[in-house]
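For reference, entry_1.txt is printed below; it contains compact mmCIF, C-alpha atoms and all ligand atoms.
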# COMPACT_ATOMS: atom_id res chain seq x y z
CA MET A 303 -63.15 14.63 3.18
CA ILE A 304 -60.44 14.11 5.76
CA LYS A 305 -57.04 15.40 4.66
CA LYS A 306 -54.81 12.76 3.10
CA LYS A 307 -51.99 13.42 5.55
CA TYR A 308 -54.28 12.29 8.39
CA ILE A 309 -55.51 9.21 6.58
CA ASP A 310 -51.90 8.24 5.87
CA LEU A 311 -51.21 8.22 9.60
CA PHE A 312 -53.47 5.23 10.06
CA ARG A 313 -52.03 3.12 7.24
CA VAL A 314 -49.27 0.72 8.24
CA GLU A 315 -46.42 0.87 5.75
CA SER A 316 -44.84 -2.50 5.00
CA GLU A 317 -41.37 -1.37 6.09
CA ASN A 318 -42.51 -0.04 9.49
CA LYS A 319 -42.78 -2.02 12.71
CA VAL A 320 -45.97 -1.35 14.62
CA HIS A 321 -46.24 -1.15 18.40
CA LEU A 322 -49.92 -1.01 19.24
CA LYS A 323 -49.12 0.72 22.52
CA ASN A 324 -48.11 3.78 20.51
CA TYR A 325 -51.47 4.05 18.78
CA ASP A 326 -54.06 6.34 20.30
CA THR A 327 -57.40 4.54 20.63
CA GLY A 328 -59.27 7.81 21.03
CA TRP A 329 -58.03 10.17 18.34
CA ALA A 330 -60.20 13.01 19.61
CA GLN A 331 -57.60 13.74 22.25
CA THR A 332 -54.68 13.80 19.87
CA GLU A 333 -52.87 17.10 19.37
CA GLU A 334 -52.35 16.55 15.64
CA PHE A 335 -56.03 16.87 14.92
CA LYS A 336 -56.78 20.07 16.73
CA ASP A 337 -57.55 21.90 13.49
CA PHE A 338 -60.91 20.15 13.53
CA GLY A 339 -61.72 22.56 16.34
CA LYS A 340 -62.27 21.74 19.97
CA GLY A 341 -65.73 20.43 20.78
CA LYS A 342 -66.69 20.33 17.11
CA LEU A 343 -65.06 17.00 16.38
CA LYS A 344 -68.23 14.93 16.67
CA GLU A 345 -70.19 17.23 14.35
CA ARG A 346 -67.31 17.31 11.90
CA ALA A 347 -67.02 13.50 11.94
CA GLN A 348 -70.75 13.17 11.28
CA ILE A 349 -70.54 15.47 8.27
CA VAL A 350 -67.57 13.52 6.91
CA LEU A 351 -69.50 10.28 7.37
CA GLU A 352 -72.61 11.59 5.60
CA GLN A 353 -70.61 12.98 2.68
CA ASN A 354 -68.81 9.71 2.31
CA ILE A 355 -71.97 7.63 2.46
CA ALA A 356 -73.34 9.64 -0.46
CA ASP A 357 -70.05 9.46 -2.40
CA LEU A 358 -69.71 5.76 -1.78
CA ALA A 359 -73.12 5.08 -3.31
CA GLN A 360 -71.98 6.83 -6.50
CA VAL A 361 -68.57 5.33 -6.75
CA GLN A 362 -69.95 1.86 -6.09
CA GLN A 363 -72.16 2.22 -9.15
CA LEU A 364 -69.07 3.09 -11.14
CA LEU A 365 -67.19 0.09 -9.71
CA TYR A 366 -70.05 -2.10 -10.88
CA ALA A 367 -70.26 -0.56 -14.36
CA ASP A 368 -66.47 -0.63 -14.83
CA ASP A 369 -66.48 -4.35 -13.99
CA ARG A 370 -62.72 -4.83 -13.66
CA TYR A 371 -62.09 -4.49 -9.92
CA SER A 372 -63.67 -5.84 -6.77
CA LEU A 373 -63.15 -4.51 -3.27
CA LEU A 374 -62.52 -6.75 -0.26
CA ILE A 375 -62.82 -5.05 3.11
CA VAL A 376 -61.61 -6.96 6.15
CA PHE A 377 -62.67 -5.99 9.67
CA GLN A 378 -60.83 -7.36 12.68
CA ALA A 379 -61.16 -6.25 16.28
CA MET A 380 -61.60 -7.25 19.89
CA ASP A 381 -65.21 -7.76 21.02
CA ALA A 382 -67.37 -4.63 21.28
CA ALA A 383 -64.96 -2.54 19.22
CA GLY A 384 -67.81 -1.63 16.87
CA LYS A 385 -67.36 -3.78 13.77
CA ASP A 386 -71.09 -4.32 13.31
CA GLY A 387 -72.07 -0.68 13.82
CA THR A 388 -69.32 0.53 11.49
CA ILE A 389 -70.41 -1.84 8.74
CA LYS A 390 -74.06 -0.85 9.22
CA HIS A 391 -73.41 2.90 9.06
CA VAL A 392 -70.70 3.03 6.41
CA MET A 393 -72.56 0.80 3.97
CA SER A 394 -76.00 2.31 4.65
CA GLY A 395 -76.17 4.15 1.31
CA VAL A 396 -74.81 1.38 -0.86
CA ASN A 397 -76.96 -0.58 -3.29
CA PRO A 398 -77.44 -3.99 -1.58
CA GLN A 399 -77.02 -5.71 -4.95
CA GLY A 400 -73.42 -4.55 -5.15
CA CYS A 401 -72.37 -5.46 -1.66
CA GLN A 402 -72.03 -8.68 0.36
CA VAL A 403 -71.25 -9.04 4.07
CA PHE A 404 -69.92 -12.30 5.51
CA SER A 405 -69.52 -12.81 9.26
CA PHE A 406 -67.10 -15.56 10.11
CA LYS A 407 -67.73 -17.39 13.36
CA LYS A 408 -66.23 -20.59 14.70
CA PRO A 409 -65.42 -22.90 11.76
CA SER A 410 -67.57 -25.98 11.07
CA ILE A 411 -66.20 -29.50 10.87
CA GLU A 412 -66.35 -29.22 7.10
CA ASP A 413 -64.32 -25.99 7.25
CA LEU A 414 -61.75 -27.61 9.53
CA ASP A 415 -61.39 -30.52 7.13
CA HIS A 416 -60.10 -28.13 4.46
CA ASN A 417 -57.13 -25.78 4.21
CA PHE A 418 -57.56 -22.74 6.44
CA LEU A 419 -58.25 -20.32 3.57
CA TRP A 420 -60.96 -22.49 2.00
CA ARG A 421 -64.06 -21.08 3.66
CA TYR A 422 -62.99 -17.50 2.93
CA MET A 423 -62.17 -18.18 -0.70
CA LYS A 424 -65.76 -19.24 -1.30
CA SER A 425 -67.02 -15.84 -0.17
CA LEU A 426 -64.77 -13.49 -2.12
CA PRO A 427 -66.48 -10.58 -3.90
CA GLU A 428 -67.14 -10.89 -7.61
CA ARG A 429 -65.80 -8.29 -10.01
CA GLY A 430 -67.70 -5.02 -9.67
CA ARG A 431 -68.75 -5.73 -6.10
CA ILE A 432 -67.79 -4.88 -2.55
CA GLY A 433 -67.27 -7.80 -0.16
CA ILE A 434 -67.04 -7.27 3.56
CA PHE A 435 -65.45 -9.82 5.88
CA ASN A 436 -66.65 -9.33 9.46
CA ARG A 437 -63.74 -11.33 10.91
CA SER A 438 -61.70 -13.25 8.38
CA TYR A 439 -58.80 -15.61 7.68
CA TYR A 440 -56.89 -13.45 10.15
CA GLU A 441 -58.72 -15.31 12.94
CA ASP A 442 -56.56 -18.27 11.94
CA VAL A 443 -53.47 -16.36 13.13
CA LEU A 444 -55.23 -14.53 15.99
CA VAL A 445 -57.73 -16.51 18.08
CA VAL A 446 -56.09 -19.73 16.93
CA LYS A 447 -52.63 -18.47 17.95
CA VAL A 448 -53.98 -17.50 21.39
CA HIS A 449 -55.76 -20.89 21.67
CA PRO A 450 -53.65 -23.35 19.64
CA GLU A 451 -55.99 -26.20 20.66
CA LEU A 452 -58.43 -24.79 18.06
CA LEU A 453 -56.09 -25.75 15.22
CA GLN A 454 -57.29 -28.37 12.78
CA ASN A 455 -55.48 -31.72 12.53
CA LEU A 456 -52.34 -31.09 10.57
CA PRO A 457 -49.26 -33.12 9.77
CA ASP A 458 -45.98 -32.18 11.46
CA GLY A 459 -46.58 -31.47 15.12
CA LYS A 460 -44.48 -28.35 15.57
CA ARG A 461 -46.50 -25.17 16.16
CA GLY A 462 -43.72 -22.70 16.86
CA LYS A 463 -42.64 -19.42 15.27
CA LYS A 464 -42.02 -21.07 11.88
CA PHE A 465 -45.54 -22.45 11.74
CA TRP A 466 -47.14 -19.03 12.24
CA GLU A 467 -44.69 -17.42 9.82
CA SER A 468 -45.78 -19.89 7.18
CA ARG A 469 -49.40 -18.87 7.76
CA TYR A 470 -48.54 -15.16 7.34
CA GLU A 471 -46.70 -16.12 4.17
CA ASP A 472 -49.78 -17.97 2.90
CA ILE A 473 -51.97 -14.95 3.66
CA ASN A 474 -49.60 -12.56 1.89
CA ALA A 475 -49.45 -14.83 -1.15
CA PHE A 476 -53.24 -15.22 -1.17
CA GLU A 477 -53.77 -11.46 -0.98
CA HIS A 478 -51.16 -10.85 -3.66
CA HIS A 479 -52.94 -13.32 -5.91
CA LEU A 480 -56.22 -11.47 -5.33
CA LYS A 481 -54.60 -8.09 -6.02
CA ARG A 482 -53.15 -9.35 -9.31
CA ASN A 483 -56.63 -10.50 -10.28
CA GLY A 484 -58.29 -7.15 -9.72
CA THR A 485 -59.28 -7.31 -6.05
CA VAL A 486 -58.47 -4.21 -4.05
CA ILE A 487 -57.97 -5.09 -0.37
CA LEU A 488 -58.48 -2.88 2.67
CA LYS A 489 -57.91 -4.22 6.17
CA PHE A 490 -59.16 -2.40 9.24
CA PHE A 491 -58.14 -3.16 12.79
CA LEU A 492 -60.58 -1.30 15.03
CA ASN A 493 -58.34 -0.40 17.92
CA VAL A 494 -60.44 -0.16 21.08
CA SER A 495 -58.92 0.24 24.55
CA LYS A 496 -59.43 -2.27 27.34
CA LYS A 497 -61.07 0.47 29.39
CA GLU A 498 -63.62 1.32 26.67
CA GLN A 499 -64.36 -2.37 26.12
CA LYS A 500 -65.27 -2.67 29.82
CA GLN A 501 -67.55 0.35 29.48
CA ARG A 502 -69.34 -1.20 26.50
CA PHE A 503 -69.70 -4.59 28.21
CA MET A 504 -71.18 -2.82 31.25
CA GLU A 505 -73.71 -1.07 29.01
CA ARG A 506 -74.68 -4.42 27.54
CA LEU A 507 -75.28 -5.75 31.04
CA GLU A 508 -77.13 -2.71 32.34
CA HIS A 509 -79.54 -2.05 29.45
CA PRO A 510 -82.09 -4.84 28.86
CA GLU A 511 -82.30 -4.01 25.14
CA LYS A 512 -78.54 -4.59 24.87
CA ASN A 513 -78.41 -7.77 27.00
CA TRP A 514 -78.57 -10.01 23.94
CA LYS A 515 -75.25 -8.65 22.75
CA PHE A 516 -73.44 -9.90 25.83
CA SER A 517 -71.77 -13.27 25.77
CA CYS A 518 -69.81 -14.84 28.63
CA SER A 519 -67.15 -15.93 26.17
CA ASP A 520 -66.43 -12.21 25.61
CA LEU A 521 -65.27 -11.99 29.24
CA ALA A 522 -63.16 -15.10 28.86
CA GLU A 523 -61.39 -13.61 25.83
CA ARG A 524 -60.91 -10.30 27.68
CA GLU A 525 -58.78 -12.25 30.16
CA HIS A 526 -56.37 -12.84 27.28
CA TRP A 527 -56.22 -9.16 26.32
CA ASP A 528 -52.40 -8.91 26.36
CA ASP A 529 -52.03 -12.09 24.32
CA TYR A 530 -54.45 -10.71 21.76
CA MET A 531 -52.57 -7.42 21.50
CA LYS A 532 -49.39 -9.37 20.87
CA VAL A 533 -50.88 -11.59 18.15
CA TYR A 534 -52.55 -8.59 16.49
CA GLU A 535 -49.25 -6.74 16.50
CA ASP A 536 -47.43 -9.74 15.01
CA ALA A 537 -50.08 -10.28 12.34
CA ILE A 538 -50.22 -6.60 11.36
CA ASN A 539 -46.43 -6.42 11.12
CA ALA A 540 -46.20 -9.60 9.06
CA THR A 541 -49.05 -8.87 6.66
CA SER A 542 -49.00 -5.13 5.98
CA THR A 543 -48.04 -5.13 2.34
CA LYS A 544 -48.18 -2.65 -0.51
CA TRP A 545 -50.96 -4.68 -2.07
CA ALA A 546 -53.01 -5.16 1.12
CA PRO A 547 -52.29 -2.53 3.77
CA TRP A 548 -53.61 -2.56 7.33
CA TYR A 549 -55.25 0.51 8.79
CA ILE A 550 -55.24 0.88 12.57
CA ILE A 551 -58.39 2.81 13.35
CA PRO A 552 -59.01 4.44 16.73
CA ALA A 553 -62.19 2.85 18.06
CA ASP A 554 -62.97 4.46 21.42
CA ASN A 555 -65.19 7.05 19.71
CA LYS A 556 -67.68 5.40 17.40
CA TRP A 557 -68.38 8.44 15.24
CA ILE A 558 -64.67 8.86 14.54
CA THR A 559 -64.21 5.19 13.66
CA ARG A 560 -67.08 5.37 11.19
CA ALA A 561 -65.96 8.63 9.57
CA LEU A 562 -62.40 7.36 9.09
CA VAL A 563 -63.41 3.99 7.69
CA ALA A 564 -65.90 5.59 5.29
CA ASP A 565 -63.31 8.09 4.12
CA ILE A 566 -60.65 5.47 3.49
CA ILE A 567 -63.05 3.24 1.52
CA THR A 568 -64.32 6.11 -0.63
CA SER A 569 -60.90 7.59 -1.34
CA THR A 570 -59.47 4.18 -2.21
CA LEU A 571 -62.21 3.63 -4.79
CA ARG A 572 -61.88 7.18 -6.10
CA ASN A 573 -58.17 6.62 -6.70
CA LEU A 574 -58.85 3.70 -9.06
CA ASP A 575 -59.05 4.43 -12.78
CA LEU A 576 -62.75 3.57 -12.85
CA GLU A 577 -64.81 4.54 -15.87
CA PHE A 578 -68.18 3.82 -17.36
CA PRO A 579 -67.77 1.43 -20.31
CA LYS A 580 -67.47 3.26 -23.65
CA LEU A 581 -69.48 1.93 -26.56
CA ASN A 582 -67.77 1.31 -29.90
CA GLU A 583 -69.16 2.62 -33.20
CA GLU A 584 -71.01 -0.57 -33.95
CA GLN A 585 -72.78 -0.47 -30.57
CA LEU A 586 -73.57 3.26 -30.96
CA LYS A 587 -75.15 2.52 -34.34
CA ILE A 588 -77.39 -0.11 -32.75
CA LEU A 589 -78.51 2.41 -30.13
CA ALA A 590 -79.26 5.02 -32.81
CA GLU A 591 -81.36 2.43 -34.67
CA ALA A 592 -83.24 1.54 -31.48
CA ARG A 593 -83.97 5.20 -30.90
CA LYS A 594 -85.29 5.61 -34.40
CA THR A 595 -87.55 2.56 -33.99
CA LEU A 596 -89.00 3.95 -30.74
CA GLU A 597 -89.52 7.40 -32.21
CA ALA A 598 -91.35 5.90 -35.19
CA GLU A 599 -93.95 4.19 -32.97
P1 LIG A 601 -70.72 -10.04 17.83
O1 LIG A 601 -70.18 -10.43 19.17
O2 LIG A 601 -70.83 -8.56 17.66
O3 LIG A 601 -71.96 -10.77 17.45
P2 LIG A 601 -68.52 -11.51 16.76
O4 LIG A 601 -67.78 -11.38 15.47
O5 LIG A 601 -67.71 -11.34 18.01
O6 LIG A 601 -69.67 -10.46 16.72
P3 LIG A 601 -69.34 -13.98 17.91
O7 LIG A 601 -70.33 -15.00 17.48
O8 LIG A 601 -69.45 -13.35 19.23
O9 LIG A 601 -69.27 -12.88 16.76
O10 LIG A 601 -67.89 -14.60 17.87
C1 LIG A 601 -67.38 -15.31 16.83
C2 LIG A 601 -66.26 -16.12 17.40
O11 LIG A 601 -65.76 -17.00 16.40
C3 LIG A 601 -65.10 -15.25 17.86
O12 LIG A 601 -64.76 -15.56 19.19
C4 LIG A 601 -63.99 -15.62 16.92
O13 LIG A 601 -62.73 -15.54 17.52
C5 LIG A 601 -64.38 -17.04 16.55
N1 LIG A 601 -63.76 -17.42 15.28
C6 LIG A 601 -63.83 -16.80 14.10
N2 LIG A 601 -63.06 -17.41 13.19
C7 LIG A 601 -62.46 -18.43 13.82
C8 LIG A 601 -61.52 -19.42 13.41
N3 LIG A 601 -61.06 -19.47 12.17
N4 LIG A 601 -61.14 -20.33 14.32
C9 LIG A 601 -61.62 -20.28 15.59
N5 LIG A 601 -62.49 -19.37 16.03
C10 LIG A 601 -62.90 -18.45 15.15
MG MG A 602 -68.57 -11.47 19.98

So, in terms of C-alpha cells, how does the structure I just supplied come out?
Amino acid sequence: MIKKKYIDLFRVESENKVHLKNYDTGWAQTEEFKDFGKGKLKERAQIVLEQNIADLAQVQQLLYADDRYSLLIVFQAMDAAGKDGTIKHVMSGVNPQGCQVFSFKKPSIEDLDHNFLWRYMKSLPERGRIGIFNRSYYEDVLVVKVHPELLQNLPDGKRGKKFWESRYEDINAFEHHLKRNGTVILKFFLNVSKKEQKQRFMERLEHPEKNWKFSCSDLAEREHWDDYMKVYEDAINATSTKWAPWYIIPADNKWITRALVADIITSTLRNLDLEFPKLNEEQLKILAEARKTLEAE
C-alpha cells in the first residue's frame, strides 16, 4: 500500500484552489517520493498494483454482500492520458458481475433532447456494485465549454459565467444526492503533459498495430490544450467536495497512474464499514435444519 500521506497529496480539498500548472505530471521525478528508492519506482509501483488488484477483488465481494453502498468511479482526461489502460489493469481482478464500465462519447439526439444529466443517470451503479464512467457528465462542462456550439437547445440565450456556475451547482447537487443514497464517488483526472501526449500520438502513428487508436479529432482538440487546462481547472475547483473529491493523478508514467488509482479505490472501499450480512436466530435455525436434512440423506 502507498502511504496515506502520499495519497492525500493527490486529493483536492474543497477549500483549496487548484492550479494545474503546480501539479507534477510525472511523479517519479518528485523529491517527496524518493523513499521509494531511485530506479526502483517502476518495480515498486507494479507490486503496489498487483497487491491492490488482489485486495480489490476481495473487497468488491464484501461490497456486494453488504449491499448498502455502490461505488461510482469517474475518469476524465485529455486524449491518450491512459484512461482505457488504467481501467483495464485496475479492474482486471474484479468479478465482472459486480462491475460495469460505461464509455460516454458524443451524445445522441435523444440524449440532447433531455437534461444534461439524463444519460448518465441511467447508467449509475446499483447497490453493491462498482460503476466506472469513462468520461462523464463532466464533459458537459469541459468539451462543451471549450466548444459552446455543442450545447443543446436551451431557453435563455446567455452562456456566460453564471450559466457554467449553474451547471457546477447541478453536478454538486446530483453527486450529493447520490452520496446520501449510498453511492461513494471517486473522480480521477489523469494529468498528462502536452509533451507526453505528443509522444503517445507519435507512437500511434508509427506502430501499425496502434494506428487504429489515432483519430484526427485528437489533433484538433490538442490545438485547444490551454483552453482545456483552464476548463479542467475551473471544473475541479468548483466540484471538489467532501462528498465527491477529485484526485489529480500524474499520468506521464503509466505504471504510476495505475498503482495510484488502484490504491485509492481499494483504500476508499476498505475505509467503509462493510460487513458480511449477519443472520438472525430464525435464519440460523433454518440453516441448522437444512444441515440436518442433508446429513440424514
Ligand atoms: P479513446 O480515444 O481512447 O477511444 P475517448 O474517450 O477519447 O477514448 P473518443 O470516441 O475518441 O473516445 O471520443 C469521445 C468524444 O466524445 C470526446 O471527444 C468527448 O469530448 C466527446 N464527448 C463526450 N461527452 C460529450 C458531451 N456530453 N458533449 C459533447 N461531446 C462529448
Ligand atoms: Mg479519443

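In this comparison, which uses only C-alpha atoms, the residue of A:Tyr366, A:Phe516, A:Phe312, A:Phe476 approaching Arg431 (chain A) most closely is A:Tyr366.
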
>> For a test of reading the model, state the distance in Å between CA of Phe491 (chain A) and CA of Lys344 (chain A), rounded to one decimal.
In response: 21.1 Å

> Between A:Leu452, A:Leu480, A:Leu562, A:Ala546, which is the closest to ligand LIG 601 (chain A) once you count only C-alpha atoms and all ligand atoms?
Replying inline: A:Leu452

>> Please return as a PyMOL selection string the residues found within 8 Å of ligand LIG 601 (chain A), counting only C-alpha atoms and all ligand atoms.
In response: chain A and resi 380-382+384-386+405-409+418+436-442+444-446+452-453+515-517+519-520+523

> Using only C-alpha atoms, which of A:His526, A:Asp368, A:Asp326, A:Ile304 sits nearest Lys580 (chain A)?
Replying inline: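 Answer, going by the shortest atom-to-atom distance: A:Asp368.
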
>> I'd like to know which of A:Leu358, A:Val494, A:Val443, A:Ile434 is closest to Ala553 (chain A), using only C-alpha atoms.
In response: A:Val494

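For the set A:Leu507, A:Ala383, A:Ile588, A:Met393, the residue with the smallest atom-to-atom gap to ligand MG 602 (chain A) is A:Ala383, counting all atoms listed in the file.
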
>> My list of candidates is A:Leu351, A:Leu576, A:Glu477, A:Ile567. Which is closest to His391 (chain A) when distances are computed with all atoms listed in the file?
In response: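 Ranking A:Leu351, A:Leu576, A:Glu477, A:Ile567 by distance to His391 (chain A), first place goes to A:Leu351.
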
Could you pull out every residue with an atom within 10 Å of (-47.5, -14.1, 5.4), file coordinates, counting all atoms listed in the file, and send them as an mmCIF file with C-alpha atoms, in the frame of the given file?
data_model
loop_
_atom_site.group_PDB
_atom_site.id
_atom_site.type_symbol
_atom_site.label_atom_id
_atom_site.label_comp_id
_atom_site.auth_asym_id
_atom_site.auth_seq_id
_atom_site.Cartn_x
_atom_site.Cartn_y
_atom_site.Cartn_z
ATOM 1 C CA TRP A 466 -47.140 -19.030 12.240
ATOM 2 C CA GLU A 467 -44.690 -17.420 9.820
ATOM 3 C CA SER A 468 -45.780 -19.890 7.180
ATOM 4 C CA ARG A 469 -49.400 -18.870 7.760
ATOM 5 C CA TYR A 470 -48.540 -15.160 7.340
ATOM 6 C CA GLU A 471 -46.700 -16.120 4.170
ATOM 7 C CA ASP A 472 -49.780 -17.970 2.900
ATOM 8 C CA ILE A 473 -51.970 -14.950 3.660
ATOM 9 C CA ASN A 474 -49.600 -12.560 1.890
ATOM 10 C CA ALA A 475 -49.450 -14.830 -1.150
ATOM 11 C CA PHE A 476 -53.240 -15.220 -1.170
ATOM 12 C CA GLU A 477 -53.770 -11.460 -0.980
ATOM 13 C CA ALA A 537 -50.080 -10.280 12.340
ATOM 14 C CA ILE A 538 -50.220 -6.600 11.360
ATOM 15 C CA ASN A 539 -46.430 -6.420 11.120
ATOM 16 C CA ALA A 540 -46.200 -9.600 9.060
ATOM 17 C CA THR A 541 -49.050 -8.870 6.660
ATOM 18 C CA SER A 542 -49.000 -5.130 5.980
ATOM 19 C CA THR A 543 -48.040 -5.130 2.340
#

> Near Asn455 (chain A), within 10 Å and counting all atoms listed in the file, which residues show up once chain neighbours fewer than 6 positions away are dropped, as number ranges by chain?
Replying inline: A: 414-416

>> At a cut-off of 12 Å, using all atoms listed in the file, what residues contact Thr559 (chain A)? Leave out same-chain residues fewer than 4 positions from it and give the result as number ranges by chain.
In response: A: 309, 312, 327-330, 344, 347-348, 350-351, 377, 383-389, 391-392, 490-494, 549-555, 563-566

>> I'd like the neighbourhood of Lys544 (chain A) as number ranges by chain, where a residue qualifies if any of its atoms comes within 12 Å (using all atoms listed in the file), though same-chain residues fewer than 6 positions away should be ignored.
In response: A: 313-318, 474, 477-478, 481, 486-489

Could you write out the selected residues, including C-alpha atoms, as a short mmCIF file (atom, residue, chain, number, x, y, z; two decimals), in the coordinates of the input?
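Below is the file out.cif, written as the result:
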data_model
loop_
_atom_site.label_atom_id
_atom_site.label_comp_id
_atom_site.auth_asym_id
_atom_site.auth_seq_id
_atom_site.Cartn_x
_atom_site.Cartn_y
_atom_site.Cartn_z
CA ARG A 313 -52.03 3.12 7.24
CA VAL A 314 -49.27 0.72 8.24
CA GLU A 315 -46.42 0.87 5.75
CA SER A 316 -44.84 -2.50 5.00
CA GLU A 317 -41.37 -1.37 6.09
CA ASN A 318 -42.51 -0.04 9.49
CA ASN A 474 -49.60 -12.56 1.89
CA GLU A 477 -53.77 -11.46 -0.98
CA HIS A 478 -51.16 -10.85 -3.66
CA LYS A 481 -54.60 -8.09 -6.02
CA VAL A 486 -58.47 -4.21 -4.05
CA ILE A 487 -57.97 -5.09 -0.37
CA LEU A 488 -58.48 -2.88 2.67
CA LYS A 489 -57.91 -4.22 6.17
#

Some atoms are missing, so please complete region 416-439 of chain A with N, CA and C atoms and return it as a compact mmCIF listing (two decimals), in the coordinates of the input.
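Okay, out-v3.txt is ready:
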# COMPACT_ATOMS: atom_id res chain seq x y z
N HIS A 416 -60.75 -28.71 5.64
CA HIS A 416 -60.10 -28.13 4.46
C HIS A 416 -58.93 -27.24 4.89
N ASN A 417 -58.20 -26.73 3.89
CA ASN A 417 -57.13 -25.78 4.21
C ASN A 417 -57.74 -24.53 4.83
N PHE A 418 -56.94 -23.80 5.63
CA PHE A 418 -57.56 -22.74 6.44
C PHE A 418 -58.15 -21.59 5.63
N LEU A 419 -57.72 -21.43 4.37
CA LEU A 419 -58.25 -20.32 3.57
C LEU A 419 -59.54 -20.70 2.83
N TRP A 420 -59.87 -21.98 2.84
CA TRP A 420 -60.96 -22.49 2.00
C TRP A 420 -62.28 -21.76 2.20
N ARG A 421 -62.72 -21.64 3.45
CA ARG A 421 -64.06 -21.08 3.66
C ARG A 421 -64.15 -19.61 3.26
N TYR A 422 -62.99 -18.93 3.30
CA TYR A 422 -62.99 -17.50 2.93
C TYR A 422 -62.97 -17.34 1.41
N MET A 423 -62.26 -18.25 0.76
CA MET A 423 -62.17 -18.18 -0.70
C MET A 423 -63.55 -18.25 -1.34
N LYS A 424 -64.42 -19.04 -0.72
CA LYS A 424 -65.76 -19.24 -1.30
C LYS A 424 -66.61 -17.98 -1.23
N SER A 425 -66.19 -17.03 -0.39
CA SER A 425 -67.02 -15.84 -0.17
C SER A 425 -66.41 -14.56 -0.72
N LEU A 426 -65.43 -14.69 -1.59
CA LEU A 426 -64.77 -13.49 -2.12
C LEU A 426 -65.72 -12.71 -3.03
N PRO A 427 -65.58 -11.38 -3.06
CA PRO A 427 -66.48 -10.58 -3.90
C PRO A 427 -66.21 -10.78 -5.40
N GLU A 428 -67.28 -10.80 -6.16
CA GLU A 428 -67.14 -10.89 -7.61
C GLU A 428 -66.73 -9.53 -8.16
N ARG A 429 -66.19 -9.54 -9.35
CA ARG A 429 -65.80 -8.29 -10.01
C ARG A 429 -66.97 -7.29 -10.00
N GLY A 430 -66.65 -6.05 -9.69
CA GLY A 430 -67.70 -5.02 -9.67
C GLY A 430 -68.39 -4.88 -8.32
N ARG A 431 -68.04 -5.75 -7.38
CA ARG A 431 -68.75 -5.73 -6.10
C ARG A 431 -67.84 -5.45 -4.90
N ILE A 432 -68.50 -5.10 -3.81
CA ILE A 432 -67.79 -4.88 -2.55
C ILE A 432 -68.10 -6.07 -1.63
N GLY A 433 -67.08 -6.70 -1.10
CA GLY A 433 -67.27 -7.80 -0.16
C GLY A 433 -66.70 -7.41 1.19
N ILE A 434 -67.51 -7.61 2.22
CA ILE A 434 -67.04 -7.27 3.56
C ILE A 434 -66.86 -8.53 4.37
N PHE A 435 -65.70 -8.71 4.97
CA PHE A 435 -65.45 -9.82 5.88
C PHE A 435 -65.48 -9.28 7.31
N ASN A 436 -66.54 -9.65 8.05
CA ASN A 436 -66.65 -9.33 9.46
C ASN A 436 -65.97 -10.47 10.21
N ARG A 437 -64.71 -10.29 10.55
CA ARG A 437 -63.74 -11.33 10.91
C ARG A 437 -63.37 -12.08 9.61
N SER A 438 -62.25 -12.77 9.65
CA SER A 438 -61.70 -13.25 8.38
C SER A 438 -60.67 -14.34 8.62
N TYR A 439 -59.91 -14.65 7.56
CA TYR A 439 -58.80 -15.61 7.68
C TYR A 439 -57.76 -15.15 8.69
